[in-house]
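One structure is given here, and the rest of the page talks about it.
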Amino acid sequence: MDSIFKKTLRSELDFQDVKVKELAFKTGLSKRTLEGYLGARASIPPADVAVKIAGALNVSVEYLVTGRKVFESPVTEQDQRIIEGIGMLSKGQKELLLQFITSLKEFKIQKE
């Protein structure tokens with residue numbers, strides 16, 4: 001039986017179009033170590049490693065472990081409409097949206 005961590009990690013890598021080699025570079029972990037979390041035995045990493053992986057993918061550790069997105073603040077009606085709209089986008093459109101959101105976050109950081 002596949003672990004939730006394995007499934008969630010694979011799903012997130014596919015969604016973000018990140019290769020294992022790229023994740024290894026971003027986290028400082030070896031490609032072989034990461035492949036161990038994605039392979040047939042699908043071990044779950046120690047907490048410090050899970051934090052590195054989650055940070056590199058800009059997701060929470062809880063999401064990687066449980067497969068459930070956790071929002072820090074209540075989701076508003078407007079947020080829900082945005083989320084539903086995202087579900088209708090193609091993979092390419094989602095990538096463009098993700099780039100746009102990343103740009104907005106970087107712009108906000110520069111203004112502060």
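By order in the structure tokens, chains are A, B, ...; within a chain, residues start at 1; ligands start at 1, following the order shown.
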For this session: Would you list, as an MDAnalysis selection string, the residues of region 16-95 of chain A that end up in helix (DSSP H, G or I) under DSSP run on this structure's backbone?
Result: chainID A and resid 16 20:27 31:38 47:57 61:66 77:87 91:95
Give me the residues near region 7-12 of chain A as a tab-separated table (two decimals) with N, CA, C and O atoms, in the first residue's frame, where near means some atom within 12 Å (using only C-alpha atoms) and where sequence neighbours in that chain fewer than 2 positions away do not count.
```tsv
chain	number	residue	atom	x	y	z
A	1	MET	N	0.83	-1.17	0.00
A	1	MET	CA	0.00	0.00	0.00
A	1	MET	C	0.89	1.25	0.00
A	1	MET	O	1.82	1.35	0.77
A	2	ASP	N	0.59	2.19	-0.88
A	2	ASP	CA	1.38	3.41	-0.97
A	2	ASP	C	1.07	4.32	0.21
A	2	ASP	O	-0.07	4.42	0.65
A	3	SER	N	2.11	4.99	0.70
A	3	SER	CA	1.89	5.92	1.80
A	3	SER	C	1.27	7.21	1.28
A	3	SER	O	1.44	7.58	0.12
A	4	ILE	N	0.57	7.89	2.15
A	4	ILE	CA	-0.02	9.18	1.78
A	4	ILE	C	1.10	10.16	1.44
A	4	ILE	O	0.99	10.93	0.49
A	5	PHE	N	2.19	10.12	2.21
A	5	PHE	CA	3.31	11.02	1.95
A	5	PHE	C	3.82	10.82	0.52
A	5	PHE	O	4.02	11.79	-0.20
A	14	ASP	N	4.44	16.60	-9.56
A	14	ASP	CA	3.81	16.63	-10.89
A	14	ASP	C	3.09	17.96	-11.11
A	14	ASP	O	3.21	18.57	-12.17
A	15	PHE	N	2.34	18.40	-10.11
A	15	PHE	CA	1.57	19.64	-10.23
A	15	PHE	C	2.49	20.83	-10.48
A	15	PHE	O	2.22	21.69	-11.32
A	16	GLN	N	3.61	20.89	-9.76
A	16	GLN	CA	4.54	22.01	-9.90
A	16	GLN	C	5.55	21.79	-11.02
A	16	GLN	O	6.37	22.65	-11.29
A	17	ASP	N	5.49	20.61	-11.65
A	17	ASP	CA	6.42	20.23	-12.71
A	17	ASP	C	7.87	20.34	-12.23
A	17	ASP	O	8.73	20.92	-12.88
A	18	VAL	N	8.10	19.79	-11.04
A	18	VAL	CA	9.43	19.77	-10.43
A	18	VAL	C	9.97	18.35	-10.52
A	18	VAL	O	9.29	17.39	-10.15
A	19	LYS	N	11.17	18.21	-11.01
A	19	LYS	CA	11.83	16.91	-11.11
A	19	LYS	C	12.52	16.60	-9.78
A	19	LYS	O	12.88	17.50	-9.02
A	20	VAL	N	12.72	15.32	-9.52
A	20	VAL	CA	13.36	14.89	-8.27
A	20	VAL	C	14.75	15.53	-8.16
A	20	VAL	O	15.16	15.98	-7.08
A	23	LEU	N	14.35	19.04	-6.92
A	23	LEU	CA	14.01	19.05	-5.50
A	23	LEU	C	15.24	18.74	-4.66
A	23	LEU	O	15.45	19.34	-3.61
A	34	LEU	N	15.54	11.18	-1.86
A	34	LEU	CA	14.19	11.56	-2.28
A	34	LEU	C	13.49	10.42	-3.02
A	34	LEU	O	12.30	10.20	-2.83
A	35	GLU	N	14.22	9.72	-3.84
A	35	GLU	CA	13.63	8.58	-4.56
A	35	GLU	C	13.17	7.51	-3.59
A	35	GLU	O	12.22	6.77	-3.85
A	36	GLY	N	13.83	7.43	-2.42
A	36	GLY	CA	13.41	6.48	-1.38
A	36	GLY	C	12.03	6.80	-0.83
A	36	GLY	O	11.28	5.91	-0.45
A	37	TYR	N	11.68	8.09	-0.81
A	37	TYR	CA	10.36	8.49	-0.34
A	37	TYR	C	9.29	8.29	-1.41
A	37	TYR	O	8.11	8.25	-1.10
A	38	LEU	N	9.73	8.15	-2.66
A	38	LEU	CA	8.81	8.00	-3.79
A	38	LEU	C	8.77	6.57	-4.32
A	38	LEU	O	7.92	6.25	-5.14
A	39	GLY	N	9.68	5.73	-3.88
A	39	GLY	CA	9.82	4.38	-4.42
A	39	GLY	C	8.86	3.37	-3.83
A	39	GLY	O	7.92	3.69	-3.10
A	40	ALA	N	9.11	2.12	-4.18
A	40	ALA	CA	8.23	1.02	-3.78
A	40	ALA	C	8.09	0.90	-2.26
A	40	ALA	O	7.02	0.60	-1.75
A	42	ALA	N	8.64	3.39	-0.11
A	42	ALA	CA	8.01	4.66	0.29
A	42	ALA	C	8.13	4.95	1.78
A	42	ALA	O	7.15	5.06	2.49
A	43	SER	N	9.37	5.11	2.25
A	43	SER	CA	9.55	5.47	3.65
A	43	SER	C	9.12	6.92	3.87
A	43	SER	O	9.07	7.72	2.94
A	44	ILE	N	8.82	7.24	5.11
A	44	ILE	CA	8.44	8.60	5.47
A	44	ILE	C	9.66	9.25	6.12
A	44	ILE	O	10.29	8.66	6.99
A	45	PRO	N	10.00	10.47	5.68
A	45	PRO	CA	11.22	11.10	6.20
A	45	PRO	C	11.06	11.58	7.64
A	45	PRO	O	9.94	11.79	8.11
A	50	ALA	N	11.28	16.39	6.25
A	50	ALA	CA	9.95	16.74	5.75
A	50	ALA	C	9.80	18.26	5.69
A	50	ALA	O	9.21	18.80	4.75
A	53	ILE	N	11.63	19.52	2.58
A	53	ILE	CA	10.88	19.20	1.37
A	53	ILE	C	9.67	20.12	1.24
A	53	ILE	O	9.43	20.70	0.18
A	54	ALA	N	8.93	20.28	2.33
A	54	ALA	CA	7.75	21.14	2.31
A	54	ALA	C	8.14	22.58	1.98
A	54	ALA	O	7.48	23.25	1.18
A	56	ALA	N	10.75	23.65	0.28
A	56	ALA	CA	11.17	23.76	-1.12
A	56	ALA	C	9.98	23.76	-2.06
A	56	ALA	O	10.03	24.38	-3.13
A	57	LEU	N	8.90	23.09	-1.67
A	57	LEU	CA	7.70	23.02	-2.51
A	57	LEU	C	6.65	24.08	-2.12
A	57	LEU	O	5.60	24.17	-2.75
A	58	ASN	N	6.97	24.83	-1.08
A	58	ASN	CA	6.06	25.87	-0.59
A	58	ASN	C	4.68	25.30	-0.20
A	58	ASN	O	3.64	25.83	-0.55
A	59	VAL	N	4.72	24.18	0.52
A	59	VAL	CA	3.51	23.56	1.06
A	59	VAL	C	3.79	23.25	2.53
A	59	VAL	O	4.92	23.33	2.99
A	60	SER	N	2.76	22.86	3.26
A	60	SER	CA	2.96	22.53	4.67
A	60	SER	C	3.37	21.06	4.82
A	60	SER	O	3.05	20.22	3.98
A	61	VAL	N	4.05	20.79	5.92
A	61	VAL	CA	4.40	19.40	6.23
A	61	VAL	C	3.13	18.60	6.45
A	61	VAL	O	3.02	17.46	6.00
A	62	GLU	N	2.16	19.22	7.12
A	62	GLU	CA	0.90	18.54	7.38
A	62	GLU	C	0.25	18.08	6.07
A	62	GLU	O	-0.27	16.98	5.97
A	63	TYR	N	0.30	18.92	5.04
A	63	TYR	CA	-0.25	18.55	3.74
A	63	TYR	C	0.49	17.34	3.17
A	63	TYR	O	-0.15	16.40	2.68
A	64	LEU	N	1.81	17.34	3.24
A	64	LEU	CA	2.56	16.20	2.69
A	64	LEU	C	2.24	14.90	3.44
A	64	LEU	O	2.16	13.83	2.84
A	65	VAL	N	2.03	15.01	4.74
A	65	VAL	CA	1.80	13.81	5.56
A	65	VAL	C	0.36	13.32	5.48
A	65	VAL	O	0.10	12.12	5.44
A	66	THR	N	-0.59	14.27	5.43
A	66	THR	CA	-2.01	13.87	5.46
A	66	THR	C	-2.70	13.93	4.11
A	66	THR	O	-3.75	13.34	3.91
A	67	GLY	N	-2.14	14.73	3.18
A	67	GLY	CA	-2.77	14.91	1.88
A	67	GLY	C	-3.88	15.94	1.91
A	67	GLY	O	-4.54	16.18	0.92
A	68	ARG	N	-4.08	16.59	3.07
A	68	ARG	CA	-5.13	17.60	3.19
A	68	ARG	C	-4.50	18.98	3.28
A	68	ARG	O	-3.60	19.20	4.09
A	69	LYS	N	-5.03	19.90	2.48
A	69	LYS	CA	-4.58	21.29	2.55
A	69	LYS	C	-5.15	21.90	3.82
A	69	LYS	O	-6.32	21.71	4.13
```
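Reported to one decimal place, the separation of CA of Phe25 (chain A) from CA of Arg41 (chain A) is 22.7 Å.
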Exercise. CA of Gly87 (chain A) to CA of Gly55 (chain A): how many Å, to one decimal?
Worked result: 23.8 Å
Exercise. What is the CA of Glu106 (chain A) to CA of Val49 (chain A) distance in Å?
Worked result: 25.6 Å
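Of the residues listed (A:Leu98, A:Ile83, A:Pro74, A:Lys52), A:Lys52 shows the shortest atom-to-atom separation from Thr27 (chain A); distances use only C-alpha atoms.
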